[in-house]
$ cat run_17.tsv   # TSV, C-alpha atoms and all ligand atoms
chain	number	residue	atom	x	y	z
A	203	MET	CA	152.57	122.06	35.91
A	204	LYS	CA	155.29	119.68	34.89
A	205	ASP	CA	155.46	117.42	37.96
A	206	LYS	CA	152.28	115.45	38.33
A	207	HIS	CA	153.39	114.20	41.76
A	208	VAL	CA	152.20	116.69	44.28
A	209	LEU	CA	153.66	114.63	47.05
A	210	GLN	CA	156.50	112.19	47.02
A	211	VAL	CA	157.44	110.26	50.14
A	212	ASN	CA	160.88	108.63	49.94
A	213	HIS	CA	162.11	106.04	52.44
A	214	LEU	CA	160.29	107.63	55.35
A	215	ALA	CA	161.12	106.29	58.81
A	216	ALA	CA	159.48	107.55	62.00
A	217	ALA	CA	160.03	106.53	65.61
A	218	PHE	CA	158.90	107.13	69.17
A	219	ASP	CA	161.34	107.48	72.02
A	220	THR	CA	159.90	105.35	74.81
A	221	GLU	CA	161.16	104.12	78.18
A	222	ALA	CA	162.19	100.95	76.42
A	223	GLY	CA	164.21	102.93	73.89
A	224	ARG	CA	163.56	104.13	70.37
A	225	VAL	CA	160.85	102.20	68.52
A	226	ARG	CA	160.77	102.57	64.77
A	227	VAL	CA	157.08	102.38	63.89
A	228	VAL	CA	157.33	103.45	60.24
A	229	ASP	CA	160.21	102.09	58.21
A	230	ASP	CA	161.19	102.65	54.59
A	231	VAL	CA	157.81	103.90	53.42
A	232	SER	CA	157.74	105.36	49.91
A	233	PHE	CA	154.86	106.43	47.68
A	234	GLN	CA	153.71	109.20	45.36
A	235	VAL	CA	150.46	111.09	45.24
A	236	HIS	CA	149.35	112.53	41.93
A	237	ARG	CA	147.36	115.67	41.24
A	238	GLY	CA	143.63	114.90	41.10
A	239	LYS	CA	144.15	111.30	42.24
A	240	THR	CA	143.52	109.34	45.40
A	241	LEU	CA	146.04	107.10	47.09
A	242	GLY	CA	144.62	104.59	49.55
A	243	ILE	CA	146.60	103.32	52.52
A	244	VAL	CA	145.28	100.10	53.97
A	245	GLY	CA	146.46	97.77	56.71
A	246	GLU	CA	145.56	96.47	60.14
A	247	SER	CA	145.44	98.66	63.19
A	248	GLY	CA	148.90	99.63	64.48
A	249	CYS	CA	150.72	99.20	61.15
A	250	GLY	CA	151.77	102.87	60.95
A	251	LYS	CA	149.11	104.52	58.79
A	252	SER	CA	148.35	107.42	61.14
A	253	VAL	CA	152.02	107.94	61.97
A	254	THR	CA	152.75	108.19	58.23
A	255	ALA	CA	149.97	110.80	57.85
A	256	LEU	CA	151.09	112.76	60.91
A	257	SER	CA	154.67	112.76	59.63
A	258	ILE	CA	153.51	114.42	56.41
A	259	MET	CA	151.71	117.07	58.49
A	260	ARG	CA	154.72	117.30	60.85
A	261	LEU	CA	152.29	116.71	63.70
A	262	LEU	CA	153.80	113.65	65.37
A	263	PRO	CA	153.11	113.69	69.12
A	264	GLN	CA	155.89	115.65	70.82
A	265	PRO	CA	158.47	115.22	72.19
A	266	ALA	CA	158.43	111.44	71.66
A	267	GLY	CA	157.67	111.28	67.93
A	268	LYS	CA	160.42	111.85	65.36
A	269	ILE	CA	161.01	111.55	61.66
A	270	ILE	CA	164.35	109.75	61.60
A	271	ASN	CA	164.91	109.19	57.91
A	272	GLY	CA	163.63	110.00	54.46
A	273	GLN	CA	162.15	112.83	52.46
A	274	ILE	CA	158.60	114.11	52.08
A	275	LEU	CA	158.60	116.25	48.95
A	276	TYR	CA	155.70	118.65	48.49
A	277	ARG	CA	155.97	120.01	44.95
A	278	GLY	CA	159.68	119.28	45.18
A	279	THR	CA	160.38	120.88	48.58
A	280	ASP	CA	161.20	118.68	51.56
A	281	ILE	CA	158.60	119.00	54.33
A	282	VAL	CA	161.01	117.34	56.76
A	283	LEU	CA	163.27	120.40	56.54
A	284	MET	CA	160.60	123.12	56.65
A	285	THR	CA	160.49	125.67	59.47
A	286	PRO	CA	157.50	125.62	61.84
A	287	GLU	CA	156.26	128.87	60.23
A	288	THR	CA	156.34	127.42	56.73
A	289	MET	CA	154.61	124.32	58.04
A	290	ARG	CA	151.79	126.40	59.51
A	291	THR	CA	151.20	128.09	56.16
A	292	LEU	CA	151.34	124.74	54.40
A	293	ARG	CA	148.78	123.26	56.80
A	294	GLY	CA	146.51	126.29	56.61
A	295	ARG	CA	146.46	126.57	52.85
A	296	HIS	CA	147.83	123.60	50.97
A	297	ILE	CA	147.62	120.33	52.88
A	298	SER	CA	144.76	119.61	55.22
A	299	MET	CA	143.98	116.57	57.28
A	300	ILE	CA	140.85	115.01	58.68
A	301	PHE	CA	141.91	113.28	61.87
A	302	GLN	CA	140.86	109.89	63.09
A	303	GLU	CA	139.88	111.44	66.44
A	304	PRO	CA	138.16	114.75	65.74
A	305	MET	CA	137.33	115.65	69.34
A	306	THR	CA	140.72	117.18	70.06
A	307	ALA	CA	140.90	119.21	66.88
A	308	MET	CA	138.02	121.62	67.52
A	309	ASN	CA	138.06	124.72	69.63
A	310	PRO	CA	135.48	124.33	72.43
A	311	VAL	CA	135.06	128.05	73.11
A	312	GLN	CA	134.32	129.25	69.58
A	313	ARG	CA	131.07	128.90	67.71
A	314	ILE	CA	131.14	126.39	64.86
A	315	GLY	CA	130.43	129.09	62.26
A	316	HIS	CA	133.32	131.18	63.53
A	317	GLN	CA	135.77	128.27	63.26
A	318	ILE	CA	134.77	127.48	59.69
A	319	GLY	CA	134.66	131.20	58.84
A	320	GLU	CA	138.28	131.60	59.93
A	321	VAL	CA	139.32	129.03	57.35
A	322	PHE	CA	137.53	130.89	54.55
A	323	GLN	CA	138.96	134.22	55.70
A	324	LEU	CA	142.49	132.88	55.84
A	325	HIS	CA	142.07	131.96	52.20
A	326	ASP	CA	140.41	135.12	50.99
A	327	SER	CA	140.73	138.18	53.21
A	328	LYS	CA	138.44	140.19	50.88
A	329	LEU	CA	135.35	138.23	51.92
A	330	ASN	CA	132.92	140.20	54.08
A	331	GLU	CA	131.10	138.81	57.09
A	332	ALA	CA	127.93	137.89	55.21
A	333	GLN	CA	129.88	136.14	52.46
A	334	VAL	CA	131.86	134.15	55.02
A	335	ARG	CA	128.63	133.15	56.75
A	336	ASP	CA	127.01	132.06	53.48
A	337	LYS	CA	130.03	129.97	52.57
A	338	SER	CA	130.10	128.35	56.02
A	339	ILE	CA	126.42	127.46	55.77
A	340	GLU	CA	126.91	126.10	52.27
A	341	ILE	CA	129.82	123.81	53.18
A	342	LEU	CA	127.96	122.51	56.27
A	343	ALA	CA	124.98	121.70	54.08
A	344	ARG	CA	127.25	119.89	51.64
A	345	VAL	CA	128.61	117.57	54.37
A	346	GLY	CA	125.03	116.72	55.32
A	347	ILE	CA	124.48	118.87	58.41
A	348	PRO	CA	120.79	119.61	58.82
A	349	ASP	CA	119.80	123.17	59.73
A	350	PRO	CA	123.22	124.68	59.04
A	351	GLU	CA	121.82	128.21	59.56
A	352	ARG	CA	121.21	127.26	63.17
A	353	ARG	CA	124.30	125.10	63.69
A	354	ILE	CA	126.79	127.85	62.95
A	355	TRP	CA	125.78	129.51	66.23
A	356	GLU	CA	126.42	126.38	68.32
A	357	TYR	CA	129.53	125.14	70.11
A	358	SER	CA	131.21	121.79	69.41
A	359	HIS	CA	130.01	120.23	72.69
A	360	GLN	CA	126.40	120.89	71.67
A	361	ILE	CA	126.53	118.58	68.66
A	362	SER	CA	126.89	114.80	68.35
A	363	GLY	CA	130.17	113.05	67.60
A	364	GLY	CA	129.11	112.20	64.04
A	365	MET	CA	128.11	115.81	63.47
A	366	ARG	CA	131.44	117.05	64.86
A	367	GLN	CA	133.25	114.73	62.45
A	368	ARG	CA	131.28	116.28	59.58
A	369	VAL	CA	132.18	119.78	60.79
A	370	MET	CA	135.84	118.73	60.78
A	371	ILE	CA	135.45	117.43	57.24
A	372	ALA	CA	133.80	120.71	56.24
A	373	MET	CA	136.72	122.68	57.72
A	374	ALA	CA	139.29	120.54	55.93
A	375	LEU	CA	137.46	120.96	52.63
A	376	ALA	CA	136.93	124.72	53.15
A	377	VAL	CA	140.70	125.10	52.74
A	378	ARG	CA	140.30	123.80	49.16
A	379	PRO	CA	143.58	122.06	49.77
A	380	ASP	CA	146.04	120.84	47.21
A	381	ILE	CA	146.29	117.63	49.23
A	382	LEU	CA	143.68	116.24	51.59
A	383	ILE	CA	144.78	113.56	54.03
A	384	ALA	CA	141.79	111.69	55.39
A	385	ASP	CA	142.56	109.29	58.25
A	386	GLU	CA	139.63	106.88	58.56
A	387	PRO	CA	137.33	109.89	58.31
A	388	THR	CA	134.00	108.20	57.82
A	389	THR	CA	134.35	105.10	59.99
A	390	ALA	CA	131.99	106.46	62.65
A	391	LEU	CA	129.39	107.80	60.23
A	392	ASP	CA	126.35	106.00	58.89
A	393	VAL	CA	126.48	104.63	55.36
A	394	THR	CA	124.30	107.31	53.75
A	395	ILE	CA	126.30	110.21	55.18
A	396	GLN	CA	129.52	108.39	54.33
A	397	ALA	CA	128.47	108.02	50.70
A	398	GLN	CA	127.48	111.69	50.59
A	399	ILE	CA	130.88	112.78	51.96
A	400	LEU	CA	132.83	110.54	49.59
A	401	ASP	CA	130.84	112.04	46.69
A	402	LEU	CA	131.64	115.54	47.92
A	403	MET	CA	135.34	114.70	48.11
A	404	LYS	CA	135.28	113.29	44.59
A	405	GLN	CA	133.48	116.38	43.35
A	406	LEU	CA	136.07	118.74	44.91
A	407	GLN	CA	138.73	116.58	43.39
A	408	ARG	CA	137.20	117.10	39.93
A	409	GLU	CA	136.77	120.85	40.54
A	410	ASN	CA	140.19	121.60	42.07
A	411	GLY	CA	142.46	118.74	41.07
A	412	MET	CA	142.84	118.01	44.78
A	413	ALA	CA	145.04	115.02	45.55
A	414	MET	CA	143.96	112.73	48.37
A	415	ILE	CA	145.50	110.24	50.74
A	416	PHE	CA	142.70	108.10	52.09
A	417	ILE	CA	143.44	105.86	55.04
A	418	THR	CA	140.81	103.22	55.67
A	419	HIS	CA	140.06	99.72	56.88
A	420	ASP	CA	137.25	99.47	54.38
A	421	LEU	CA	138.26	97.68	51.19
A	422	GLY	CA	134.94	98.78	49.65
A	423	ILE	CA	135.99	102.43	49.97
A	424	ILE	CA	139.41	101.59	48.54
A	425	ALA	CA	137.77	99.98	45.52
A	426	ASP	CA	135.31	102.85	45.23
A	427	ILE	CA	137.50	105.93	45.38
A	428	CYS	CA	141.20	105.09	45.15
A	429	ASP	CA	143.38	105.17	42.07
A	430	ASP	CA	146.44	103.65	43.71
A	431	VAL	CA	146.86	101.61	46.86
A	432	VAL	CA	149.65	101.08	49.38
A	433	VAL	CA	149.32	98.09	51.70
A	434	MET	CA	151.17	98.51	55.00
A	435	TYR	CA	152.17	95.83	57.44
A	436	ALA	CA	154.10	96.31	60.71
A	437	GLY	CA	155.44	99.71	59.70
A	438	THR	CA	156.47	98.90	56.14
A	439	VAL	CA	154.93	98.92	52.69
A	440	VAL	CA	154.41	95.31	51.65
A	441	GLU	CA	152.68	96.00	48.34
A	442	SER	CA	151.69	98.92	46.15
A	443	ALA	CA	149.80	99.01	42.85
A	444	PRO	CA	147.05	100.74	40.90
A	445	VAL	CA	143.73	99.77	42.48
A	446	ASN	CA	142.43	97.42	39.77
A	447	GLU	CA	145.78	95.66	39.54
A	448	LEU	CA	145.84	95.17	43.32
A	449	PHE	CA	142.35	93.67	43.43
A	450	GLU	CA	142.84	91.52	40.34
A	451	ASN	CA	146.40	90.43	40.87
A	452	PRO	CA	147.46	90.72	44.53
A	453	ARG	CA	150.97	89.35	45.01
A	454	HIS	CA	151.91	89.64	48.68
A	455	PRO	CA	150.46	86.88	50.88
A	456	TYR	CA	149.26	89.57	53.31
A	457	THR	CA	147.33	91.40	50.58
A	458	CYS	CA	145.95	88.07	49.37
A	459	GLY	CA	144.74	87.41	52.91
A	460	LEU	CA	143.09	90.82	53.10
A	461	LEU	CA	141.32	90.30	49.80
A	462	GLU	CA	140.41	86.66	50.26
A	463	SER	CA	136.96	87.23	51.69
A	464	VAL	CA	136.16	90.07	49.30
A	465	PRO	CA	133.95	88.54	46.63
A	466	ARG	CA	133.88	91.12	43.83
A	467	LEU	CA	135.00	94.69	43.42
A	468	GLU	CA	131.58	96.11	42.76
A	469	THR	CA	129.53	94.10	45.28
A	470	GLN	CA	128.95	95.00	48.93
A	471	ARG	CA	129.48	98.53	50.11
A	472	LYS	CA	131.00	97.54	53.41
A	473	MET	CA	134.02	95.31	53.07
A	474	LEU	CA	135.97	95.52	56.27
A	475	LEU	CA	139.33	93.90	56.71
A	476	PRO	CA	138.96	90.17	57.19
A	477	ILE	CA	140.75	88.53	60.08
A	478	ILE	CA	144.05	86.90	59.21
A	479	ARG	CA	145.07	84.36	61.84
A	480	GLY	CA	147.98	85.18	64.14
A	481	ILE	CA	149.17	88.53	65.43
A	482	VAL	CA	151.36	91.36	64.21
A	483	PRO	CA	154.87	91.15	65.70
A	484	GLU	CA	155.87	93.72	68.35
A	485	LEU	CA	157.57	96.63	66.62
A	486	ASN	CA	160.26	96.81	69.31
A	487	ASN	CA	160.99	93.11	68.93
A	488	LEU	CA	160.80	92.35	65.23
A	489	PRO	CA	162.01	89.01	63.94
A	490	PRO	CA	164.88	89.07	61.45
A	491	GLY	CA	163.48	88.58	57.97
A	492	CYS	CA	160.00	89.19	56.65
A	493	ARG	CA	157.69	90.75	59.22
A	494	PHE	CA	154.75	88.67	58.03
A	495	GLN	CA	156.55	85.28	58.26
A	496	ASN	CA	154.78	84.08	61.45
A	497	ARG	CA	151.36	84.46	59.81
A	498	CYS	CA	152.26	83.62	56.25
A	499	PRO	CA	150.74	80.45	54.77
A	500	ILE	CA	153.59	79.99	52.27
A	501	ALA	CA	156.69	81.00	54.29
A	502	ILE	CA	159.91	79.07	53.65
A	503	PRO	CA	163.29	79.23	55.46
A	504	ILE	CA	164.67	82.13	53.40
A	505	CYS	CA	161.85	84.34	54.76
A	506	GLU	CA	163.62	84.29	58.16
A	507	SER	CA	166.94	85.51	56.74
A	508	ALA	CA	166.51	89.23	56.10
A	509	LEU	CA	163.75	91.72	55.36
A	510	PRO	CA	162.89	91.25	51.68
A	511	ALA	CA	163.25	94.32	49.46
A	512	LEU	CA	160.28	95.96	47.79
A	513	THR	CA	160.56	94.51	44.28
A	514	SER	CA	158.89	95.37	41.00
A	515	VAL	CA	156.44	92.64	40.04
A	516	GLY	CA	154.70	94.41	37.16
A	517	ASN	CA	153.85	97.79	35.75
A	518	GLN	CA	153.74	100.20	38.73
A	519	HIS	CA	153.32	97.16	40.94
A	520	GLU	CA	155.71	96.33	43.77
A	521	ALA	CA	155.73	93.71	46.52
A	522	ARG	CA	158.01	92.93	49.46
A	523	CYS	CA	158.17	89.13	49.36
A	524	TYR	CA	160.80	86.50	48.46
A	525	LEU	CA	158.19	84.38	46.74
A	526	VAL	CA	156.83	86.75	44.11
A	601	LIG	N1	152.28	108.57	70.93
A	601	LIG	C1	152.80	107.36	70.72
A	601	LIG	N2	153.80	106.88	71.50
A	601	LIG	C2	154.34	105.65	71.28
A	601	LIG	N3	153.95	104.81	70.32
A	601	LIG	C3	152.97	105.23	69.50
A	601	LIG	C4	152.33	106.51	69.66
A	601	LIG	N4	151.39	106.65	68.69
A	601	LIG	C5	151.42	105.50	67.98
A	601	LIG	N5	152.35	104.65	68.45
A	601	LIG	C6	152.69	103.32	67.93
A	601	LIG	O1	153.03	103.45	66.56
A	601	LIG	C7	152.58	102.33	65.82
A	601	LIG	C8	151.80	102.80	64.61
A	601	LIG	O2	150.61	103.44	65.06
A	601	LIG	P1	149.56	104.10	64.07
A	601	LIG	O3	150.28	104.83	62.99
A	601	LIG	O4	148.63	104.88	64.92
A	601	LIG	O5	148.82	102.82	63.46
A	601	LIG	P2	147.53	102.78	62.50
A	601	LIG	O6	147.11	104.17	62.22
A	601	LIG	O7	147.98	102.03	61.28
A	601	LIG	O8	146.51	102.00	63.26
A	601	LIG	C9	151.78	101.47	66.79
A	601	LIG	O9	152.60	100.40	67.20
A	601	LIG	C10	151.48	102.40	67.93
A	601	LIG	O10	151.41	101.69	69.14
A	602	MG	MG	145.35	105.15	62.68

$ encode --input "run_17.tsv" --output "structure tokens" --more "lines below"
Ligand SMILES: Nc1ncnc2c1ncn2[C@@H]1O[C@H](COP(=O)(O)OP(=O)(O)O)[C@@H](O)[C@H]1O
Ligand SMILES: [Mg+2]
Amino acid sequence: MKDKHVLQVNHLAAAFDTEAGRVRVVDDVSFQVHRGKTLGIVGESGCGKSVTALSIMRLLPQPAGKIINGQILYRGTDIVLMTPETMRTLRGRHISMIFQEPMTAMNPVQRIGHQIGEVFQLHDSKLNEAQVRDKSIEILARVGIPDPERRIWEYSHQISGGMRQRVMIAMALAVRPDILIADEPTTALDVTIQAQILDLMKQLQRENGMAMIFITHDLGIIADICDDVVVMYAGTVVESAPVNELFENPRHPYTCGLLESVPRLETQRKMLLPIIRGIVPELNNLPPGCRFQNRCPIAIPICESALPALTSVGNQHEARCYLV
């Protein structure tokens, strides 16, 4: 295949219509995802990571959520313009997502095995019942569910939250998607299960060339599994770079703040976002200029003038700061 970008997001903007008017919560977000590679999206809570992911899936909460600008090219075709029918096929076969809150995404009245089985059947209608059951049991075992032979007969309310999250992960992986979007998928799971699931994702990536977008607060996971990283702040991309470059040579003061307390790439499995003093500005009341200015240790008067452009600061490395 000639294009190695499976997904290309160009100048995406998304908004919610609220009583106080339209609030743009994602603004001018661009990135590419390559076949067989993992793009990490990192940033504090509320910076627009989930809204970016939901925009790609065309699953923004309705009727308030809207994509108001930009393109989302899947193998060259704009997702923003696709019909609901095409989107359903795309979601069922090519792009799957593991949601931050899995509780809403499972069907309470169908047995777990049936729900996973449907995914396999959608993919390969020639599979017989026994084959579907074997595959369902196998994928549940691979996400670390004990006794999968028994679990397939249970309903989602009969299993724990962590187990339900693993079932959701199993269903997303059963699709063998071209692109997997994982929105903080392992945050609630214990470290051993988390490591097992990350290994499984990496393995499927090697087998299928699956591309991944991995949204996380955990800089350890970013260092561990991502090839490229996008750092978001208050709805915009403030920095993007290949993972080693970002860790070794962070340029935006926000990224520097995030990385400050991270000692070394390879040490510590859990590296959660450190606290940067101050608070994120309200998205419906943004200051003119750089959105990070009120928390930035090196801000100067020009930072209050206008939003800085995302500027190339090296090979495949961009930052949105007047001072880089
Ligand atoms: N359904 C909604 N209605 C209005 N605002 C929303 C809704 N969902 C999210 N937002 C707002 O959009 C912004 C980005 O949210 P989100 O993408 O969930 O952040 P993140 O995933 O980075 O924590 C936040 O300011 C949040 O309050
Ligand atoms: Mg989120």

$ atom_distance --input "run_17.tsv" --atom1 "CA of Ile297 in chain A" --atom2 "CA of Asp380 in chain A"
5.9 Å

$ residues_near_ligand --input "run_17.tsv" --ligand "ligand MG 602 (chain A)" --cutoff "8 Å" --atoms "all atoms listed in the file" --output "list in words"
Ser247, Gly248, Gly250, Lys251, Ser252, Val253, Gln302, Asp385, Glu386 and Ile417 of chain A

$ write_last_selection --input "run_17.tsv" --atoms "C-alpha atoms" --output "CSV table (one decimal), keeping the file's coordinate frame"
chain,number,residue,atom,x,y,z
A,247,SER,CA,145.4,98.7,63.2
A,248,GLY,CA,148.9,99.6,64.5
A,250,GLY,CA,151.8,102.9,61.0
A,251,LYS,CA,149.1,104.5,58.8
A,252,SER,CA,148.4,107.4,61.1
A,253,VAL,CA,152.0,107.9,62.0
A,302,GLN,CA,140.9,109.9,63.1
A,385,ASP,CA,142.6,109.3,58.2
A,386,GLU,CA,139.6,106.9,58.6
A,417,ILE,CA,143.4,105.9,55.0

$ atom_distance --input "run_17.tsv" --atom1 "CA of Met414 in chain A" --atom2 "CA of Asn212 in chain A"
17.5 Å

$ axis_aligned_box --input "run_17.tsv" --around "ligand LIG 601 (chain A)" --padding-each-side "5 Å" --output "AutoDock Vina command-line options"
--center_x 150.4 --center_y 104.5 --center_z 66.4 --size_x 17.8 --size_y 18.2 --size_z 20.2

$ closest_residue --input "run_17.tsv" --among "A:Gly272, A:Gly422, A:Gly437, A:Gly223" --to "ligand LIG 601 (chain A)" --atoms "all atoms listed in the file"
A:Gly437

$ decode --input "run_17.tsv" --residues "range 231-298 of chain A" --atoms "C-alpha atoms" --output "CSV table (one decimal), in the first residue's frame"
chain,number,residue,atom,x,y,z
A,231,VAL,CA,-5.7,19.4,15.9
A,232,SER,CA,-3.6,17.7,13.3
A,233,PHE,CA,-1.7,14.4,13.4
A,234,GLN,CA,-1.1,11.2,11.4
A,235,VAL,CA,-1.2,7.6,12.4
A,236,HIS,CA,1.0,5.1,10.5
A,237,ARG,CA,0.3,1.5,9.7
A,238,GLY,CA,1.7,-0.8,12.4
A,239,LYS,CA,2.5,2.2,14.7
A,240,THR,CA,1.2,3.7,17.9
A,241,LEU,CA,0.4,7.4,18.4
A,242,GLY,CA,0.1,8.5,22.0
A,243,ILE,CA,-2.1,11.4,23.0
A,244,VAL,CA,-1.2,12.9,26.4
A,245,GLY,CA,-2.5,15.8,28.3
A,246,GLU,CA,-4.4,16.8,31.5
A,247,SER,CA,-8.0,15.9,32.0
A,248,GLY,CA,-10.4,18.1,30.0
A,249,CYS,CA,-7.9,19.0,27.2
A,250,GLY,CA,-9.9,17.3,24.4
A,251,LYS,CA,-8.4,13.9,24.1
A,252,SER,CA,-11.7,11.9,24.3
A,253,VAL,CA,-13.5,14.5,22.1
A,254,THR,CA,-10.8,14.0,19.5
A,255,ALA,CA,-11.2,10.2,19.6
A,256,LEU,CA,-15.0,10.4,19.5
A,257,SER,CA,-14.8,12.8,16.5
A,258,ILE,CA,-12.8,10.1,14.6
A,259,MET,CA,-15.5,7.6,15.4
A,260,ARG,CA,-18.2,10.1,14.7
A,261,LEU,CA,-19.7,9.4,18.1
A,262,LEU,CA,-19.7,12.8,19.7
A,263,PRO,CA,-22.6,13.1,22.1
A,264,GLN,CA,-25.7,14.3,20.2
A,265,PRO,CA,-27.2,16.7,19.5
A,266,ALA,CA,-24.7,19.0,21.3
A,267,GLY,CA,-21.4,17.8,19.8
A,268,LYS,CA,-20.3,18.8,16.4
A,269,ILE,CA,-17.2,18.6,14.2
A,270,ILE,CA,-17.0,22.2,13.0
A,271,ASN,CA,-13.8,22.2,10.9
A,272,GLY,CA,-11.2,20.0,9.4
A,273,GLN,CA,-10.7,16.6,7.8
A,274,ILE,CA,-10.3,13.1,9.2
A,275,LEU,CA,-8.9,11.0,6.3
A,276,TYR,CA,-9.1,7.3,6.6
A,277,ARG,CA,-7.0,5.8,3.8
A,278,GLY,CA,-7.7,9.0,1.9
A,279,THR,CA,-11.5,9.3,2.5
A,280,ASP,CA,-12.9,11.9,4.7
A,281,ILE,CA,-14.7,10.4,7.7
A,282,VAL,CA,-16.4,13.8,8.4
A,283,LEU,CA,-18.3,13.4,5.1
A,284,MET,CA,-19.3,9.7,5.4
A,285,THR,CA,-22.9,8.6,5.7
A,286,PRO,CA,-24.1,7.0,8.9
A,287,GLU,CA,-24.3,3.6,7.0
A,288,THR,CA,-20.7,3.9,5.9
A,289,MET,CA,-19.7,4.9,9.4
A,290,ARG,CA,-21.3,1.8,10.9
A,291,THR,CA,-19.4,-0.4,8.5
A,292,LEU,CA,-16.2,1.4,9.3
A,293,ARG,CA,-16.7,1.1,13.1
A,294,GLY,CA,-17.7,-2.6,12.8
A,295,ARG,CA,-14.8,-3.6,10.6
A,296,HIS,CA,-12.0,-1.1,10.3
A,297,ILE,CA,-11.7,1.2,13.3
A,298,SER,CA,-12.6,0.1,16.8
